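Source file: run06.txt. Holds: compact mmCIF, C-alpha atoms.
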# COMPACT_ATOMS: atom_id res chain seq x y z
CA MET H 1 -9.58 11.45 -29.57
CA THR H 2 -11.23 11.59 -26.18
CA PRO H 3 -10.07 14.35 -23.83
CA SER H 4 -8.45 13.28 -20.60
CA GLY H 5 -10.68 13.12 -17.54
CA PRO H 6 -12.04 10.78 -14.89
CA GLU H 7 -14.15 8.79 -17.36
CA TRP H 8 -10.91 7.13 -18.49
CA VAL H 9 -10.47 5.52 -15.08
CA LYS H 10 -13.14 2.90 -15.78
CA GLN H 11 -11.24 1.64 -18.80
CA PHE H 12 -8.52 -1.03 -18.71
CA PRO H 13 -9.36 -2.34 -15.22
CA THR H 14 -6.88 -4.29 -13.14
CA SER H 15 -7.55 -8.02 -13.18
CA SER H 16 -7.72 -10.39 -10.24
CA SER H 17 -8.07 -13.44 -12.49
CA LEU H 18 -5.31 -16.00 -12.80
CA ASP H 19 -6.43 -16.47 -16.41
CA ASP H 20 -4.79 -13.16 -17.26
CA LEU H 21 -1.32 -14.32 -16.21
CA LYS H 22 1.22 -15.46 -18.78
CA GLU H 23 2.34 -19.04 -19.12
CA PRO H 24 4.18 -20.78 -17.60
CA PHE H 25 3.71 -18.47 -14.59
CA ARG H 26 -0.06 -18.97 -14.73
CA THR H 27 0.28 -22.74 -14.29
CA ASN H 28 2.96 -22.28 -11.63
CA VAL H 29 0.66 -20.05 -9.60
CA ARG H 30 -2.27 -22.44 -10.03
CA ASN H 31 -0.15 -25.33 -8.77
CA PHE H 32 1.10 -23.33 -5.80
CA LEU H 33 -2.43 -22.23 -4.92
CA ALA H 34 -3.65 -25.82 -5.20
CA ALA H 35 -0.98 -26.88 -2.72
CA LEU H 36 -1.93 -24.03 -0.40
CA SER H 37 -5.58 -24.98 -0.60
CA ALA H 38 -4.82 -28.64 0.08
CA SER H 39 -2.79 -27.61 3.13
CA GLY H 40 -5.69 -25.66 4.59
CA ALA H 41 -4.18 -22.21 4.09
CA ARG H 42 -6.49 -19.33 3.34
CA VAL H 43 -5.65 -17.37 0.18
CA VAL H 44 -7.22 -14.21 -1.18
CA VAL H 45 -5.94 -13.12 -4.59
CA SER H 46 -6.20 -9.40 -5.27
CA ASP H 47 -4.28 -8.12 -8.29
CA THR H 48 -2.84 -10.15 -11.13
CA TYR H 49 -2.61 -8.37 -14.48
CA ARG H 50 -2.39 -4.60 -14.59
CA PRO H 51 -2.94 -3.49 -18.19
CA PRO H 52 -0.10 -1.32 -19.51
CA GLN H 53 -2.73 1.06 -20.85
CA ARG H 54 -4.03 1.68 -17.34
CA VAL H 55 -0.54 2.22 -16.00
CA TYR H 56 0.20 4.60 -18.88
CA LEU H 57 -2.87 6.65 -18.02
CA MET H 58 -2.03 6.69 -14.31
CA HIS H 59 1.62 7.55 -14.86
CA TRP H 60 1.09 10.46 -17.21
CA ALA H 61 -1.95 11.86 -15.43
CA PHE H 62 0.12 12.02 -12.25
CA ALA H 63 3.10 13.57 -14.08
CA ILE H 64 0.95 16.27 -15.71
CA THR H 65 -0.81 17.04 -12.44
CA ASN H 66 2.51 17.54 -10.66
CA GLY H 67 4.16 19.52 -13.45
CA ALA H 68 6.61 16.73 -14.20
CA ALA H 69 5.54 16.34 -17.83
CA ASN H 70 4.61 18.62 -20.69
CA PRO H 71 1.13 17.43 -21.72
CA ALA H 72 1.90 18.24 -25.35
CA LYS H 73 4.86 15.89 -25.31
CA VAL H 74 3.39 12.87 -23.61
CA PRO H 75 4.14 9.87 -25.83
CA SER H 76 1.16 8.18 -27.40
CA MET H 77 0.23 4.59 -26.71
CA ASP H 78 -1.45 2.14 -29.03
CA GLY H 79 -5.05 1.59 -28.05
CA VAL H 80 -5.26 4.66 -25.83
CA ASP H 81 -6.80 7.44 -27.88
CA ILE H 82 -6.51 10.13 -25.25
CA GLN H 83 -6.10 13.85 -25.78
CA TRP H 84 -4.02 15.14 -22.90
CA VAL H 85 -4.05 18.79 -24.00
CA HIS H 86 -7.40 20.47 -23.56
CA THR H 87 -8.28 23.51 -25.65
CA ASP H 88 -10.39 26.58 -25.14
CA ALA H 89 -13.34 27.74 -27.22
CA VAL H 90 -11.11 28.95 -30.05
CA GLY H 91 -8.86 25.92 -30.10
CA ASN H 92 -5.91 27.24 -28.14
CA PRO H 93 -4.26 25.06 -25.48
CA ASP H 94 -5.89 25.53 -22.10
CA PRO H 95 -3.25 24.67 -19.45
CA ALA H 96 -5.63 25.06 -16.52
CA ALA H 97 -8.23 22.73 -18.02
CA THR H 98 -5.50 20.29 -19.02
CA THR H 99 -4.11 20.10 -15.50
CA ALA H 100 -7.56 19.96 -13.94
CA ALA H 101 -8.55 17.01 -16.11
CA ALA H 102 -5.36 15.14 -15.25
CA ALA H 103 -5.85 15.92 -11.56
CA ALA H 104 -9.39 14.55 -11.74
CA MET H 105 -7.95 11.31 -13.11
CA VAL H 106 -5.38 11.16 -10.32
CA LYS H 107 -8.10 11.61 -7.75
CA ALA H 108 -10.35 9.01 -9.35
CA TYR H 109 -7.52 6.48 -9.52
CA GLY H 110 -6.60 7.24 -5.89
CA ILE H 111 -2.97 7.90 -6.72
CA VAL H 112 -0.66 9.30 -4.07
CA PHE H 113 2.79 8.29 -5.32
CA ALA H 114 4.18 8.42 -8.86
CA PRO H 115 3.11 5.24 -10.68
CA ALA H 116 5.80 3.16 -12.36
CA LEU H 117 5.31 2.46 -16.05
CA ILE H 118 6.56 -1.12 -16.17
CA SER H 119 6.30 -3.92 -13.66
CA ARG H 120 5.84 -7.66 -13.51
CA HIS H 121 2.11 -6.97 -13.13
CA THR H 122 1.97 -5.24 -16.53
CA GLU H 123 3.77 -8.27 -17.97
CA GLY H 124 1.31 -10.75 -16.48
CA LEU H 125 4.07 -12.20 -14.33
CA ALA H 126 2.99 -11.23 -10.81
CA VAL H 127 0.21 -11.92 -8.37
CA ASP H 128 -0.76 -10.12 -5.17
CA MET H 129 -2.36 -12.38 -2.59
CA THR H 130 -2.96 -12.57 1.13
CA ILE H 131 -2.08 -15.95 2.64
CA SER H 132 -2.76 -17.06 6.20
CA TRP H 133 -3.19 -20.18 8.30
CA SER H 134 -3.53 -21.32 11.88
CA GLY H 135 -1.00 -23.40 13.78
CA SER H 136 1.57 -25.19 11.65
CA LEU H 137 1.23 -25.72 7.92
CA THR H 138 2.04 -28.91 6.06
CA ILE H 139 2.30 -28.20 2.37
CA ASN H 140 3.64 -30.13 -0.59
CA ASN H 141 6.42 -28.56 -2.60
CA ALA H 142 6.54 -28.93 -6.37
CA SER H 143 8.14 -32.36 -5.99
CA SER H 144 5.14 -33.45 -3.90
CA SER H 145 7.31 -33.70 -0.80
CA PRO H 146 5.56 -32.44 2.32
CA VAL H 147 7.12 -29.47 4.05
CA ILE H 148 6.16 -28.59 7.61
CA ILE H 149 6.11 -24.89 8.44
CA ALA H 150 5.77 -24.51 12.19
CA ALA H 151 7.63 -21.26 12.83
CA PRO H 152 5.81 -17.93 12.66
CA PRO H 153 4.55 -15.87 11.01
CA ALA H 154 1.51 -17.82 9.83
CA ASN H 155 1.17 -15.76 6.70
CA GLY H 156 2.68 -15.01 3.32
CA MET H 157 5.78 -13.47 4.88
CA ASN H 158 6.97 -16.82 6.24
CA PRO H 159 10.43 -17.68 4.82
CA GLY H 160 9.55 -21.37 4.81
CA LEU H 161 6.60 -20.66 2.55
CA HIS H 162 8.82 -18.55 0.30
CA ALA H 163 11.05 -21.58 -0.19
CA VAL H 164 8.03 -23.73 -1.05
CA GLY H 165 6.74 -21.09 -3.49
CA ALA H 166 10.13 -21.03 -5.19
CA THR H 167 9.87 -24.73 -6.00
CA TYR H 168 6.77 -23.87 -8.04
CA GLY H 169 8.47 -20.92 -9.76
CA VAL H 170 6.48 -18.43 -7.70
CA ILE H 171 9.01 -16.12 -6.07
CA LYS H 172 8.41 -13.80 -3.14
CA LEU H 173 9.28 -10.10 -3.18
CA VAL H 174 9.95 -9.63 0.51
CA SER H 175 9.56 -5.85 0.51
CA ASP H 176 5.89 -6.13 -0.49
CA PRO H 177 3.93 -8.64 1.58
CA PRO H 178 1.21 -9.51 -0.97
CA HIS H 179 3.52 -9.67 -4.00
CA TRP H 180 4.80 -12.86 -5.68
CA SER H 181 6.18 -13.03 -9.20
CA SER H 182 8.09 -15.07 -11.75
CA ASP H 183 11.45 -13.74 -10.59
CA GLY H 184 10.93 -11.94 -7.27
CA HIS H 185 10.65 -8.47 -8.81
CA MET V 1 3.08 3.59 29.66
CA PHE V 2 3.09 3.65 25.87
CA HIS V 3 3.04 0.39 23.91
CA TYR V 4 4.19 0.73 20.33
CA ASP V 5 2.14 -2.20 19.05
CA SER V 6 -1.18 -1.05 20.46
CA GLY V 7 -0.47 2.68 20.46
CA LEU V 8 0.38 3.05 16.78
CA GLY V 9 -1.67 2.25 13.71
CA VAL V 10 -2.36 3.31 10.14
CA ALA V 11 -5.14 5.68 9.09
CA SER V 12 -6.24 6.56 5.59
CA GLU V 13 -9.17 8.26 3.96
CA ARG V 14 -11.06 6.47 1.22
CA SER V 15 -14.35 7.58 -0.31
CA GLY V 16 -14.93 10.02 2.49
CA THR V 17 -14.35 7.55 5.33
CA ILE V 18 -11.25 7.70 7.50
CA CYS V 19 -10.25 4.21 8.59
CA LEU V 20 -7.85 3.25 11.35
CA THR V 21 -6.16 -0.15 11.45
CA ILE V 22 -4.49 -0.83 14.78
CA ALA V 23 -3.60 -3.80 16.99
CA ASN V 24 -5.87 -2.55 19.74
CA ARG V 25 -9.46 -3.69 20.28
CA ASN V 26 -10.11 -1.40 23.21
CA LEU V 27 -10.52 2.06 21.77
CA PRO V 28 -13.79 3.69 22.88
CA ALA V 29 -15.85 6.13 20.84
CA GLY V 30 -14.44 9.60 21.35
CA GLN V 31 -10.87 8.34 21.91
CA PRO V 32 -8.50 11.06 20.66
CA VAL V 33 -6.14 9.93 17.90
CA SER V 34 -3.26 12.01 16.55
CA LEU V 35 -2.45 11.52 12.89
CA VAL V 36 1.06 12.03 11.55
CA VAL V 37 0.49 13.14 7.97
CA LEU V 38 3.53 12.26 5.86
CA THR V 39 2.52 13.50 2.40
CA PRO V 40 3.38 15.93 0.90
CA GLN V 41 5.22 17.04 4.04
CA GLN V 42 4.96 16.01 7.65
CA GLY V 43 2.27 17.53 9.81
CA VAL V 44 -0.21 16.59 12.51
CA ALA V 45 -3.99 16.27 12.32
CA GLN V 46 -6.30 15.41 15.17
CA ALA V 47 -9.11 12.88 15.03
CA GLU V 48 -11.30 10.84 17.33
CA VAL V 49 -12.77 7.35 17.18
CA LEU V 50 -16.28 7.36 15.79
CA ARG V 51 -17.11 3.64 15.76
CA VAL V 52 -15.74 0.15 15.33
CA LEU V 53 -15.68 -1.19 11.75
CA PRO V 54 -16.09 -4.90 10.92
CA THR V 55 -13.39 -4.73 8.24
CA GLY V 56 -10.82 -2.26 7.00
CA CYS V 57 -11.55 0.22 4.25
CA MET V 58 -9.70 -1.99 1.78
CA GLY V 59 -11.58 -5.13 2.83
CA GLU V 60 -9.01 -6.46 5.29
CA ASP V 61 -10.42 -8.74 7.97
CA ALA V 62 -9.46 -8.84 11.61
CA ALA V 63 -8.63 -12.53 11.75
CA HIS V 64 -4.94 -12.01 12.35
CA ALA V 65 -2.50 -10.12 14.49
CA ASN V 66 -5.16 -8.78 16.84
CA ARG V 67 -6.06 -6.09 14.35
CA ALA V 68 -9.07 -3.90 14.85
CA PHE V 69 -10.66 -1.36 12.55
CA TYR V 70 -12.24 1.95 13.45
CA GLU V 71 -13.82 4.84 11.65
CA LEU V 72 -12.32 8.16 12.67
CA ARG V 73 -13.70 11.67 12.57
CA LEU V 74 -11.30 14.46 11.77
CA VAL V 75 -11.34 17.13 14.48
CA LYS V 76 -8.50 19.39 13.37
CA GLY V 77 -6.28 19.61 10.30
CA THR V 78 -6.53 17.72 7.03
CA LEU V 79 -5.72 14.25 5.79
CA PRO V 80 -4.83 13.88 2.10
CA SER V 81 -7.11 11.42 0.34
CA VAL V 82 -5.85 7.82 0.19
CA ALA V 83 -2.41 8.67 1.61
CA PRO V 84 -1.57 6.69 4.75
CA ALA V 85 -0.94 8.47 8.03
CA ILE V 86 0.57 7.08 11.23
CA ALA V 87 -2.04 7.11 13.98
CA VAL V 88 -0.89 7.65 17.57
CA VAL V 89 -3.02 6.84 20.62
CA ASN V 90 -2.15 8.12 24.08
CA PRO V 91 1.47 9.20 23.63
CA VAL V 92 3.30 10.18 26.82
CA GLN V 93 4.15 13.56 25.28
CA PRO V 94 2.13 15.25 22.53
CA LEU V 95 3.29 15.35 18.95
CA ARG V 96 4.89 18.53 17.75
CA GLN V 97 6.33 20.00 14.59
CA SER V 98 10.11 20.39 14.43
CA GLY V 99 11.11 21.95 11.12
CA ASN V 100 9.88 19.65 8.39
CA SER V 101 9.44 16.74 10.77
CA VAL V 102 6.91 15.67 13.36
CA VAL V 103 8.52 14.47 16.58
CA ALA V 104 7.39 13.31 20.01
CA ASP V 105 8.61 11.52 23.07
CA LEU V 106 6.03 8.81 22.65
CA ASP V 107 7.22 6.51 25.43
CA GLY V 108 8.49 9.03 27.98
CA ASP V 109 12.15 8.02 27.80
CA HIS V 110 13.19 11.65 27.21
CA ARG V 111 14.30 10.84 23.65
CA LEU V 112 12.45 12.01 20.60
CA GLU V 113 10.82 9.60 18.20
CA TYR V 114 10.68 10.38 14.47
CA PHE V 115 8.30 9.26 11.73
CA ARG V 116 9.12 8.17 8.19
CA GLN V 117 7.55 6.74 5.07
CA CYS V 118 9.09 5.28 1.93
CA THR V 119 7.84 3.29 -1.02
CA SER V 120 8.59 -0.28 -2.06
CA SER V 121 7.31 -1.69 -5.34
CA GLU V 122 3.62 -1.32 -4.59
CA GLY V 123 3.26 -0.15 -1.04
CA VAL V 124 4.35 2.29 1.61
CA HIS V 125 6.51 1.35 4.58
CA LEU V 126 5.66 3.44 7.61
CA THR V 127 8.19 3.50 10.41
CA VAL V 128 8.85 5.13 13.79
CA TRP V 129 12.40 5.56 14.99
CA ALA V 130 14.10 6.38 18.28
CA GLY V 131 16.25 9.23 17.02
CA LYS V 132 16.69 10.21 13.40
CA PRO V 133 15.22 7.82 10.81
CA LEU V 134 17.63 5.21 9.41
CA THR V 135 20.30 6.09 11.97
CA GLY V 136 18.35 5.52 15.18
CA LYS V 137 16.62 2.31 16.25
CA ARG V 138 13.47 1.33 14.41
CA LEU V 139 10.68 0.91 16.94
CA TRP V 140 7.64 0.26 14.78
CA HIS V 141 6.93 -0.76 11.20
CA GLU V 142 3.79 -1.20 9.13
CA TYR V 143 3.08 -1.75 5.46
CA PHE V 144 0.34 0.00 3.51
CA TYR V 145 -0.67 -1.62 0.23
CA LEU V 146 -1.23 0.79 -2.64
CA GLY V 147 -2.51 -1.57 -5.31
CA TYR V 148 -0.40 -0.06 -8.09
CA ASP V 149 3.28 -0.07 -8.90
CA VAL V 150 5.49 2.81 -7.86
CA GLU V 151 9.19 3.57 -7.95
CA PRO V 152 10.75 2.12 -4.80
CA ASN V 153 12.89 4.35 -2.57
CA CYS V 154 13.00 2.35 0.66
CA THR V 155 16.26 1.14 2.15
CA ASP V 156 16.92 -2.26 3.68
CA LYS V 157 16.53 -0.69 7.12
CA ASP V 158 13.02 0.41 6.24
CA VAL V 159 11.75 -2.92 5.01
CA ALA V 160 13.70 -5.42 7.12
CA ASP V 161 11.69 -7.94 9.08
CA ASP V 162 10.54 -6.68 12.44
CA LEU V 163 13.08 -7.50 15.11
CA PRO V 164 12.03 -9.12 18.38
Now that the file is in, can you turn its structure into structure tokens?
Amino acid sequence: MTPSGPEWVKQFPTSSSLDDLKEPFRTNVRNFLAALSASGARVVVSDTYRPPQRVYLMHWAFAITNGAANPAKVPSMDGVDIQWVHTDAVGNPDPAATTAAAAAMVKAYGIVFAPALISRHTEGLAVDMTISWSGSLTINNASSSPVIIAAPPANGMNPGLHAVGATYGVIKLVSDPPHWSSDGH
Amino acid sequence: MFHYDSGLGVASERSGTICLTIANRNLPAGQPVSLVVLTPQQGVAQAEVLRVLPTGCMGEDAAHANRAFYELRLVKGTLPSVAPAIAVVNPVQPLRQSGNSVVADLDGDHRLEYFRQCTSSEGVHLTVWAGKPLTGKRLWHEYFYLGYDVEPNCTDKDVADDLP
């Protein structure tokens, strides 16, 4: 096992590739993005798939750092051979070193708030993207019918665009401007 | 006269650089900026504008909403790494600590404004309220993207579309 520490942060990186999304959501997103591109909208995709292993590491590192979890009782995860409990020279648990290593991970990840363990991103069913355009937007819905979006805002928070996205099976989560998913969560 | 849109912004520290995103392209070098630190508890730090940045610290561009980006220099206090802070430029009355909250009469209407943050699924909603948060009128709202999933604790009043 590899002791916890900031070197873990480089493993299991977040993807920004549509290839890492699950079908049929992957195709739905591709079709929606193709319509956006054809309409002249500007789209920048940031996060797609967040590996559950990465989220596991973030979640438990944060919990240990903040005293919300006993490092000796953190559940294991397949494919993540991490040793949360550090030991001293004679093999006894070293709480200070354990917490320090977890805190170094938290700092390296840039975590401020407690990470959630499960999300549509870990399931390959969500995409974060920034969408913008100038003036009015004419975009085809999934039935190839043109929809004119003239009202503001000229970005991904436009309710008219949300309705178009829904025809492709790409649903907006209104509370998080970049976030679209298979079911709006 | 205090304008909420151009007088309030979001500051955060990333890799040693403090970035300010604000709908105001007219801040000169040396402009004082007060920072309402919201994590782990509310407090005030003082900073000043160091220089204009071409993009935000997270790669945002300035193509929309009249946004401008600045690098800040911390003058007094501390800013937790990565955590967003509400930046205040030229308030009518200075910010002050009141118990666990930071308050100020930002616009000179003799009523106190309050500051709040909450989390949605993968971001932080930063708000300023006339009166106590969630019961008073929401005057300003910004979203700060975290890039990882968190447990949401925002209410509908926090995240509702900005009213005209």
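In plain terms, chain H touches chain V through Gly110, Val112, Phe113, Ala114, Pro115, Ala116, Ser119, Ser175 and Asp176 of chain H, where touching means an atom at most 7 Å away, counting only C-alpha atoms.
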| message | Report, in Å to a single decimal, how far apart CA of Glu71 in chain V and CA of Glu48 in chain V are. | response |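 Between CA of Glu48 in chain V and CA of Glu71 in chain V the gap is 8.6 Å.
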| said: I'd like the neighbourhood of range 42-58 of chain H as a PyMOL selection string, where a residue qualifies if any of its atoms comes within 8 Å (using only C-alpha atoms), though same-chain residues fewer than 5 positions away should be ignored. | reply: (chain H and resi 9+11-18+20-21+33+36-37+77+79-80+105-106+109+111+115-118+121-133) or (chain V and resi 147)
| message | Rounded to one decimal, what separation in Å do you get between CA of Ala61 in chain H and CA of Lys73 in chain H? | response |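 Spanning CA of Ala61 in chain H to CA of Lys73 in chain H is a straight-line distance of 12.7 Å.
We find CA of Pro32 in chain V and CA of Pro91 in chain V to be spaced 10.6 Å apart.
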| said: If we count only C-alpha atoms and set the cut-off at 12 Å, which residues sit around Asp88 in chain H, ignoring sequence neighbours fewer than 5 positions away in its own chain? Please answer as a list in words. | reply: Pro93, Asp94, Pro95, Ala96, Ala97 and Thr98 of chain H
| Which protein, DNA or RNA residues are at most 6 Å from (0.6, -28.4, 7.0) in the file's coordinates when you count only C-alpha atoms, listed as JSON, numbers by chain? | {"H": [39, 136, 137, 138, 139, 148]}
Kindly complete range 121-148 of chain H to N, CA and C atoms; the output should be written as a PDB file, keeping the file's coordinate frame.
ATOM      1  N   HIS H 121       3.576  -6.925 -12.977  1.00  0.00           N
ATOM      2  CA  HIS H 121       2.110  -6.970 -13.130  1.00  0.00           C
ATOM      3  C   HIS H 121       1.693  -6.605 -14.547  1.00  0.00           C
ATOM      4  N   THR H 122       2.351  -5.622 -15.163  1.00  0.00           N
ATOM      5  CA  THR H 122       1.970  -5.240 -16.530  1.00  0.00           C
ATOM      6  C   THR H 122       2.398  -6.315 -17.532  1.00  0.00           C
ATOM      7  N   GLU H 123       3.302  -7.186 -17.101  1.00  0.00           N
ATOM      8  CA  GLU H 123       3.770  -8.270 -17.970  1.00  0.00           C
ATOM      9  C   GLU H 123       2.992  -9.562 -17.742  1.00  0.00           C
ATOM     10  N   GLY H 124       2.064  -9.536 -16.798  1.00  0.00           N
ATOM     11  CA  GLY H 124       1.310 -10.750 -16.480  1.00  0.00           C
ATOM     12  C   GLY H 124       2.142 -11.776 -15.744  1.00  0.00           C
ATOM     13  N   LEU H 125       3.132 -11.301 -14.998  1.00  0.00           N
ATOM     14  CA  LEU H 125       4.070 -12.200 -14.330  1.00  0.00           C
ATOM     15  C   LEU H 125       4.114 -11.990 -12.826  1.00  0.00           C
ATOM     16  N   ALA H 126       3.027 -11.463 -12.258  1.00  0.00           N
ATOM     17  CA  ALA H 126       2.990 -11.230 -10.810  1.00  0.00           C
ATOM     18  C   ALA H 126       1.576 -11.405 -10.295  1.00  0.00           C
ATOM     19  N   VAL H 127       1.510 -11.775  -9.035  1.00  0.00           N
ATOM     20  CA  VAL H 127       0.210 -11.920  -8.370  1.00  0.00           C
ATOM     21  C   VAL H 127       0.331 -11.356  -6.959  1.00  0.00           C
ATOM     22  N   ASP H 128      -0.674 -10.600  -6.550  1.00  0.00           N
ATOM     23  CA  ASP H 128      -0.760 -10.120  -5.170  1.00  0.00           C
ATOM     24  C   ASP H 128      -1.807 -10.965  -4.449  1.00  0.00           C
ATOM     25  N   MET H 129      -1.411 -11.528  -3.316  1.00  0.00           N
ATOM     26  CA  MET H 129      -2.360 -12.380  -2.590  1.00  0.00           C
ATOM     27  C   MET H 129      -2.034 -12.355  -1.108  1.00  0.00           C
ATOM     28  N   THR H 130      -3.091 -12.493  -0.319  1.00  0.00           N
ATOM     29  CA  THR H 130      -2.960 -12.570   1.130  1.00  0.00           C
ATOM     30  C   THR H 130      -3.108 -14.020   1.540  1.00  0.00           C
ATOM     31  N   ILE H 131      -2.106 -14.533   2.240  1.00  0.00           N
ATOM     32  CA  ILE H 131      -2.080 -15.950   2.640  1.00  0.00           C
ATOM     33  C   ILE H 131      -2.020 -16.006   4.166  1.00  0.00           C
ATOM     34  N   SER H 132      -2.811 -16.892   4.744  1.00  0.00           N
ATOM     35  CA  SER H 132      -2.760 -17.060   6.200  1.00  0.00           C
ATOM     36  C   SER H 132      -3.178 -18.473   6.583  1.00  0.00           C
ATOM     37  N   TRP H 133      -2.782 -18.881   7.771  1.00  0.00           N
ATOM     38  CA  TRP H 133      -3.190 -20.180   8.300  1.00  0.00           C
ATOM     39  C   TRP H 133      -3.092 -20.149   9.819  1.00  0.00           C
ATOM     40  N   SER H 134      -3.603 -21.203  10.429  1.00  0.00           N
ATOM     41  CA  SER H 134      -3.530 -21.320  11.880  1.00  0.00           C
ATOM     42  C   SER H 134      -2.630 -22.491  12.252  1.00  0.00           C
ATOM     43  N   GLY H 135      -1.884 -22.331  13.320  1.00  0.00           N
ATOM     44  CA  GLY H 135      -1.000 -23.400  13.780  1.00  0.00           C
ATOM     45  C   GLY H 135       0.138 -23.628  12.811  1.00  0.00           C
ATOM     46  N   SER H 136       0.500 -24.903  12.608  1.00  0.00           N
ATOM     47  CA  SER H 136       1.570 -25.190  11.650  1.00  0.00           C
ATOM     48  C   SER H 136       0.941 -25.604  10.315  1.00  0.00           C
ATOM     49  N   LEU H 137       1.716 -25.436   9.275  1.00  0.00           N
ATOM     50  CA  LEU H 137       1.230 -25.720   7.920  1.00  0.00           C
ATOM     51  C   LEU H 137       2.043 -26.856   7.327  1.00  0.00           C
ATOM     52  N   THR H 138       1.358 -27.851   6.801  1.00  0.00           N
ATOM     53  CA  THR H 138       2.040 -28.910   6.060  1.00  0.00           C
ATOM     54  C   THR H 138       1.627 -28.804   4.605  1.00  0.00           C
ATOM     55  N   ILE H 139       2.604 -28.484   3.778  1.00  0.00           N
ATOM     56  CA  ILE H 139       2.300 -28.200   2.370  1.00  0.00           C
ATOM     57  C   ILE H 139       3.272 -28.932   1.471  1.00  0.00           C
ATOM     58  N   ASN H 140       2.770 -29.440   0.380  1.00  0.00           N
ATOM     59  CA  ASN H 140       3.640 -30.130  -0.590  1.00  0.00           C
ATOM     60  C   ASN H 140       4.399 -29.122  -1.440  1.00  0.00           C
ATOM     61  N   ASN H 141       5.681 -29.372  -1.637  1.00  0.00           N
ATOM     62  CA  ASN H 141       6.420 -28.560  -2.600  1.00  0.00           C
ATOM     63  C   ASN H 141       6.160 -29.108  -4.015  1.00  0.00           C
ATOM     64  N   ALA H 142       6.833 -28.541  -4.989  1.00  0.00           N
ATOM     65  CA  ALA H 142       6.540 -28.930  -6.370  1.00  0.00           C
ATOM     66  C   ALA H 142       6.939 -30.363  -6.684  1.00  0.00           C
ATOM     67  N   SER H 143       7.760 -30.950  -5.822  1.00  0.00           N
ATOM     68  CA  SER H 143       8.140 -32.360  -5.990  1.00  0.00           C
ATOM     69  C   SER H 143       7.214 -33.279  -5.213  1.00  0.00           C
ATOM     70  N   SER H 144       6.126 -32.711  -4.688  1.00  0.00           N
ATOM     71  CA  SER H 144       5.140 -33.450  -3.900  1.00  0.00           C
ATOM     72  C   SER H 144       5.691 -33.951  -2.573  1.00  0.00           C
ATOM     73  N   SER H 145       6.776 -33.364  -2.121  1.00  0.00           N
ATOM     74  CA  SER H 145       7.310 -33.700  -0.800  1.00  0.00           C
ATOM     75  C   SER H 145       6.695 -32.769   0.227  1.00  0.00           C
ATOM     76  N   PRO H 146       6.163 -33.309   1.324  1.00  0.00           N
ATOM     77  CA  PRO H 146       5.560 -32.440   2.320  1.00  0.00           C
ATOM     78  C   PRO H 146       6.598 -31.620   3.079  1.00  0.00           C
ATOM     79  N   VAL H 147       6.267 -30.382   3.290  1.00  0.00           N
ATOM     80  CA  VAL H 147       7.120 -29.470   4.050  1.00  0.00           C
ATOM     81  C   VAL H 147       6.293 -28.959   5.228  1.00  0.00           C
ATOM     82  N   ILE H 148       6.860 -29.066   6.419  1.00  0.00           N
ATOM     83  CA  ILE H 148       6.160 -28.590   7.610  1.00  0.00           C
ATOM     84  C   ILE H 148       6.681 -27.201   7.971  1.00  0.00           C
TER      85      ILE H 148
END
